[in-house]
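The structure appears below as structure tokens.
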Amino acid sequence: MMDSLPATPGKFKMDKPQYHHHHHHHPRQLTVRWHHYPLVSKVAVWSFLAIALLVAFFFLSPTTPNSSSTSGRRSLRNAAPWGGPAWEKCVRSSARVRRSGGISVLVTGAAGFVGTHVSTALKRRGDGVLGLDNFNDYYDPSLKRARQALLDRAGVFVVEGDVNDGPLLHKLFDVVPFTHVMHLAAQAGVRYAMTNPSSYVHSNVAGLVSVLEVAKSADPQPAVVWASSSSVYGLNSHVPFSEVDRTDRPASLYAATKKAGEEIAHVYNHIYGLAITGLRFFTVYGPWGRPDMAYFFFTRDILRSKPISIFEGPGHATVARDFTYIDDIVSGCLAALDNAGKSTGSGGKKRGSAPLRVYNLGNTSPVPVSHLVSILEQLLKVKAVRNVVKMPRNGDVQFTHANISLAQRELGYHPTTGLNTGLKKFVRWYLGYYPTSSSKKGSRGGSSSAL
Ligand SMILES: NC(=O)c1ccc[n+]([C@@H]2O[C@H](COP(=O)([O-])OP(=O)(O)OC[C@H]3O[C@@H](n4cnc5c(N)ncnc54)[C@H](O)[C@@H]3O)[C@@H](O)[C@H]2O)c1
């Protein structure tokens, strides 16, 4: 199953847009020939150059790839090109605030697991929400499309695009003066970083910078809340993990890109006065979850009587995670948005100090992975075929445990769902979404691994 992973998830465009290819060639050839031709040829050459330049400008113009004529008749949901009156109408209506004192939020990674839940929760409150997602194939994109359909029914429009697409982000801010950005788009997964390291740099480092660039130049600037990760604690052994603990010893490239994100956030707060809140999520699980996470593919494999690998640390030490139920994470995200404070900059300049914060959002009760499997066995009424193996050194840490007192104090964050209850809800969703034995939908899950 590991082999079936796509080599380049996200089909992200690492290559430059096509129009950049035009630049160099013609003018260079022309200068080379320049001196050998009589006046008439010079005129011809100049005219050719002028026309070439016009054409080049036309293609370089940011409105071209999203001209309304190309997107006019297409289904908005699947149209890669953006722009046009119908598209703008969808964007505006999705982002419209429908309660007094409401906020309007650009949610990146909206078709993702956390993004979907946060978007629907905001919409339910009457806030304006616009989604952005590139629907990459790191895991089964049909699950992202199904979440998109759910969002659609809830009145949330998801624009298909990459967070690295600056012109698109600027356009979105032109159409809607977002008060907040909830930046959840990222390349997730710890082990996959060994297979496709550049996807982490692309989405988690370059993508974050791209979002902050647009946020800093928007007028008024939005407040930004974004997903960091508990993985920044890396080799930290002081438990429970507190925000004041060391985070300079990441154990994976994923963790390193999240840590880099926290430093980048400092820069944009310091120079431009952006209000930025980083949330360190601890192993989030629940309905509509990620197929690359252990609780998800354990469920799939147990149902198929496939052996599952349970890792143990050195000397048979148990591997444990502070599993946090999605609804608790959503409450934390909404509280972080509500307490984000104000960005102070305008016209790309800082006008005063703005808040810069980091919070743990966990559950404070680490559970050994073997216990997770026992709960799943009970819920699924199927005995797992357990295969206990030594944890490979590929980025996973042995243990996570959140100290959440800061989020409790400042955000009123109080997780309320225990692992039994949460997994019960997950399993109910799973069995409905992938009807068992019918095997029709049964092959939809992804693979890979992450806790
Ligand atoms: N789920 C967890 O346990 C957990 C734990 C810690 C941190 N996080 C972080 O929380 C956030 C949400 O995680 P999730 O579990 O919902 O993951 P997810 O993969 O389900 O969601 C991320 C979404 O972002 C989209 N995306 C990725 N790169 C993009 C790009 N360059 N441009 C546009 N869209 C892009 C993906 O298509 C996906 O739908 C991520 O930043 C993740 O790193 C999650």
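Residue numbers start at 1 in each chain; chains themselves are named A, B, ... in the order of the structure tokens; ligands are numbered from 1 in the order shown.
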Problem set entry | Contacts of ligand 1, 6 Å or closer, only C-alpha atoms and all ligand atoms, given as a list in words | Gly109, Ala111, Gly112, Phe113, Val114, Gly115, Asp133, Asn134, Phe135, Asn136, Gly161, Asp162, Val163, Leu184, Ala185, Ala186, Gln187, Ala188, Ser203, Gly207, Ala227, Ser228, Ser229, Ser230, Phe281, Phe282, Thr283, Val284 and Arg290 of chain A
Could you give me, as CSV, a per-residue list for segment 330-372 of chain A showing, wherever an atom lies at most 7 Å from an atom of segment 259-279 of chain A, the closest pair of atoms and their distance in Å to one decimal, using only C-alpha atoms and sorting by chain then residue number from low to high?
residue,atom,partner,partner_atom,distance
A:Ala340,CA,A:Thr277,CA,6.6
A:Gly341,CA,A:Ala275,CA,6.3
A:Lys342,CA,A:Ala275,CA,5.7
A:Ser343,CA,A:Leu274,CA,4.5
A:Thr344,CA,A:Gly273,CA,5.1
A:Gly345,CA,A:Gly273,CA,5.0
A:Gly348,CA,A:Tyr272,CA,6.3
A:Lys349,CA,A:Tyr272,CA,5.3
A:Lys350,CA,A:Tyr272,CA,4.4
A:Arg351,CA,A:Gly273,CA,6.8
A:Gly352,CA,A:Gly273,CA,6.4
A:Ser353,CA,A:Gly273,CA,5.8
A:Ala354,CA,A:Ala275,CA,5.0
A:Pro355,CA,A:Ala275,CA,4.9
A:Leu356,CA,A:Ile276,CA,5.0
A:Arg357,CA,A:Thr277,CA,4.7
A:Val358,CA,A:Gly278,CA,4.6
A:Tyr359,CA,A:Leu279,CA,5.0
A:Asn360,CA,A:Leu279,CA,6.0
A:Leu361,CA,A:Leu279,CA,6.5
Using only C-alpha atoms, please write the residues we just selected to a file, as a short mmCIF file (atom, residue, chain, number, x, y, z; two decimals), in the first residue's frame.
data_model
loop_
_atom_site.label_atom_id
_atom_site.label_comp_id
_atom_site.auth_asym_id
_atom_site.auth_seq_id
_atom_site.Cartn_x
_atom_site.Cartn_y
_atom_site.Cartn_z
CA ALA A 340 -7.04 37.00 17.51
CA GLY A 341 -6.78 40.71 18.24
CA LYS A 342 -6.18 43.27 15.55
CA SER A 343 -3.47 43.68 12.99
CA THR A 344 -2.12 47.21 13.17
CA GLY A 345 -0.47 47.73 9.82
CA GLY A 348 2.27 47.38 4.16
CA LYS A 349 3.57 49.35 7.18
CA LYS A 350 3.34 48.56 10.86
CA ARG A 351 1.50 51.19 12.91
CA GLY A 352 1.81 49.62 16.33
CA SER A 353 2.41 46.33 18.02
CA ALA A 354 0.04 43.45 17.32
CA PRO A 355 -0.41 40.16 19.16
CA LEU A 356 1.78 37.17 18.29
CA ARG A 357 0.76 33.98 20.02
CA VAL A 358 1.18 30.22 20.08
CA TYR A 359 -1.17 27.78 21.80
CA ASN A 360 -1.23 24.05 22.36
CA LEU A 361 -4.57 22.52 21.39
#
Problem set entry | segment 197-200 of chain A environment, 7 Å, only C-alpha atoms, sequence neighbours closer than 2 positions dropped, as a ChimeraX atom specification | /A:187,193-195,202-204,254,257
Please write the residues from the selection above to a file, keeping N, CA and C atoms, as a JSON list (two decimals), in the first residue's frame.
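Output contents, as saved in part-v1.json:
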[["chain", "number", "residue", "atom", "x", "y", "z"],
["A", 187, "GLN", "N", 1.14, 20.64, 3.73],
["A", 187, "GLN", "CA", 1.48, 19.25, 3.47],
["A", 187, "GLN", "C", 1.64, 18.60, 4.84],
["A", 193, "ALA", "N", 7.47, 12.96, 4.40],
["A", 193, "ALA", "CA", 8.51, 13.96, 4.13],
["A", 193, "ALA", "C", 9.79, 13.32, 3.62],
["A", 194, "MET", "N", 9.97, 12.03, 3.92],
["A", 194, "MET", "CA", 11.17, 11.35, 3.42],
["A", 194, "MET", "C", 11.00, 10.99, 1.95],
["A", 195, "THR", "N", 9.76, 10.89, 1.50],
["A", 195, "THR", "CA", 9.49, 10.56, 0.10],
["A", 195, "THR", "C", 9.44, 11.81, -0.77],
["A", 202, "HIS", "N", 7.23, 23.60, -0.28],
["A", 202, "HIS", "CA", 6.29, 24.31, -1.14],
["A", 202, "HIS", "C", 5.06, 24.79, -0.35],
["A", 203, "SER", "N", 4.39, 23.87, 0.32],
["A", 203, "SER", "CA", 3.12, 24.24, 0.97],
["A", 203, "SER", "C", 3.31, 24.88, 2.34],
["A", 204, "ASN", "N", 4.26, 24.38, 3.13],
["A", 204, "ASN", "CA", 4.34, 24.82, 4.52],
["A", 204, "ASN", "C", 5.23, 26.03, 4.73],
["A", 254, "TYR", "N", 8.71, 17.67, 8.33],
["A", 254, "TYR", "CA", 7.39, 18.26, 8.57],
["A", 254, "TYR", "C", 7.45, 19.20, 9.78],
["A", 257, "THR", "N", 9.36, 22.35, 9.11],
["A", 257, "THR", "CA", 8.66, 23.38, 8.34],
["A", 257, "THR", "C", 7.62, 24.10, 9.21]]
Exercise. Quick one: of A:Asp140, A:Met391, A:Phe178, A:Pro368, who's nearest to Gly315 of chain A, counting only C-alpha atoms?
Worked result: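 So, comparing all the options, the nearest one is A:Met391.
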Exercise. How far is it from atom CA of Gly155 of chain A to atom CA of Glu88 of chain A, in Å with one decimal?
Worked result: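 It comes out at 14.7 Å.
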For this session: Select from segment 235-408 of chain A everything DSSP, run on the backbone, classes as strand (DSSP E or B), then give the selection as a PyMOL selection string.
Result: chain A and resi 241+276-281+284-285+308-312+318+320-321+324-325+346+349+356-361+367-368+386-390+399+402
Could the residues in this selection be written to a file with N, CA and C atoms, as a short mmCIF file (atom, residue, chain, number, x, y, z; two decimals), in the first residue's frame?
data_model
loop_
_atom_site.label_atom_id
_atom_site.label_comp_id
_atom_site.auth_asym_id
_atom_site.auth_seq_id
_atom_site.Cartn_x
_atom_site.Cartn_y
_atom_site.Cartn_z
N PHE A 241 4.00 18.76 27.33
CA PHE A 241 4.62 19.79 26.50
C PHE A 241 3.96 21.15 26.73
N ILE A 276 -0.97 37.48 14.64
CA ILE A 276 -0.83 36.08 14.21
C ILE A 276 -0.89 35.12 15.40
N THR A 277 -1.73 34.11 15.25
CA THR A 277 -1.86 33.08 16.28
C THR A 277 -1.53 31.72 15.67
N GLY A 278 -0.57 31.04 16.23
CA GLY A 278 -0.23 29.68 15.78
C GLY A 278 -0.84 28.66 16.73
N LEU A 279 -1.46 27.63 16.16
CA LEU A 279 -2.09 26.61 17.00
C LEU A 279 -1.34 25.29 16.82
N ARG A 280 -0.84 24.76 17.91
CA ARG A 280 -0.14 23.47 17.85
C ARG A 280 -1.13 22.35 18.14
N PHE A 281 -1.68 21.80 17.06
CA PHE A 281 -2.65 20.70 17.21
C PHE A 281 -1.93 19.42 17.64
N VAL A 284 -5.17 15.12 15.76
CA VAL A 284 -6.61 15.35 15.63
C VAL A 284 -7.27 14.16 14.92
N TYR A 285 -8.43 13.72 15.43
CA TYR A 285 -9.12 12.59 14.80
C TYR A 285 -10.62 12.86 14.82
N ILE A 308 -2.08 -5.20 11.40
CA ILE A 308 -1.70 -3.80 11.57
C ILE A 308 -0.41 -3.73 12.38
N SER A 309 0.42 -2.76 12.05
CA SER A 309 1.70 -2.59 12.75
C SER A 309 1.55 -1.61 13.89
N ILE A 310 1.86 -2.09 15.09
CA ILE A 310 1.83 -1.20 16.25
C ILE A 310 3.27 -0.98 16.68
N PHE A 311 3.67 0.27 16.70
CA PHE A 311 5.06 0.57 17.02
C PHE A 311 5.30 0.57 18.52
N GLU A 312 6.51 0.16 18.87
CA GLU A 312 6.96 0.36 20.26
C GLU A 312 8.33 0.99 20.24
N THR A 318 5.98 1.97 25.29
CA THR A 318 4.78 2.19 24.47
C THR A 318 4.87 3.52 23.73
N ALA A 320 2.68 6.58 22.52
CA ALA A 320 1.39 7.14 22.94
C ALA A 320 1.15 8.49 22.29
N ARG A 321 -0.12 8.83 22.13
CA ARG A 321 -0.50 10.10 21.52
C ARG A 321 -1.60 10.76 22.33
N THR A 324 -6.83 14.17 20.05
CA THR A 324 -7.76 15.28 20.30
C THR A 324 -8.91 15.21 19.31
N TYR A 325 -10.11 15.20 19.83
CA TYR A 325 -11.29 15.06 18.97
C TYR A 325 -11.54 16.35 18.17
N SER A 346 -0.97 49.10 7.93
CA SER A 346 -1.74 49.45 6.74
C SER A 346 -0.77 49.94 5.70
N LYS A 349 2.72 48.81 6.09
CA LYS A 349 3.57 49.35 7.18
C LYS A 349 2.96 49.09 8.54
N LEU A 356 1.17 38.35 18.90
CA LEU A 356 1.78 37.17 18.29
C LEU A 356 1.71 36.06 19.33
N ARG A 357 0.99 35.01 19.00
CA ARG A 357 0.76 33.98 20.02
C ARG A 357 0.91 32.58 19.47
N VAL A 358 1.15 31.65 20.40
CA VAL A 358 1.18 30.22 20.08
C VAL A 358 0.45 29.48 21.19
N TYR A 359 -0.45 28.58 20.80
CA TYR A 359 -1.17 27.78 21.80
C TYR A 359 -1.13 26.30 21.47
N ASN A 360 -1.01 25.49 22.51
CA ASN A 360 -1.23 24.05 22.36
C ASN A 360 -2.72 23.80 22.31
N LEU A 361 -3.18 23.00 21.35
CA LEU A 361 -4.57 22.52 21.39
C LEU A 361 -4.51 20.99 21.42
N VAL A 367 -2.69 8.44 25.13
CA VAL A 367 -3.21 7.07 25.13
C VAL A 367 -2.23 6.19 24.34
N PRO A 368 -1.81 5.06 24.90
CA PRO A 368 -0.95 4.16 24.13
C PRO A 368 -1.67 3.69 22.87
N ARG A 386 -2.61 -8.04 15.32
CA ARG A 386 -1.58 -7.09 15.76
C ARG A 386 -0.18 -7.56 15.43
N ASN A 387 0.60 -6.63 14.98
CA ASN A 387 1.98 -6.92 14.62
C ASN A 387 2.83 -5.86 15.31
N VAL A 388 3.42 -6.22 16.46
CA VAL A 388 4.19 -5.21 17.20
C VAL A 388 5.61 -5.13 16.65
N VAL A 389 5.97 -3.94 16.21
CA VAL A 389 7.29 -3.77 15.61
C VAL A 389 8.00 -2.56 16.21
N LYS A 390 9.30 -2.55 16.11
CA LYS A 390 10.08 -1.41 16.61
C LYS A 390 9.79 -0.18 15.76
N PHE A 399 6.07 9.97 21.98
CA PHE A 399 5.10 10.37 22.97
C PHE A 399 4.69 11.82 22.76
N ALA A 402 -0.05 17.19 25.77
CA ALA A 402 -0.18 18.66 25.77
C ALA A 402 -0.48 19.21 27.16
#
For this session: Using only C-alpha atoms, find the one residue out of A:Arg409, A:Arg191, A:Arg125, A:Arg92 that sits nearest to Val158 of chain A.
Result: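 That would be A:Arg92, the residue with the smallest distance to Val158 of chain A.
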Problem set entry | DSSP alpha helix (DSSP H) residues within segment 330-363 of chain A, listed as a ChimeraX atom specification | /A:330-338
For this session: Show which residues sit within 12 Å of Leu419 of chain A, as a count of residues only. Count only C-alpha atoms, and ignore same-chain residues fewer than 2 positions away.
Result: 36
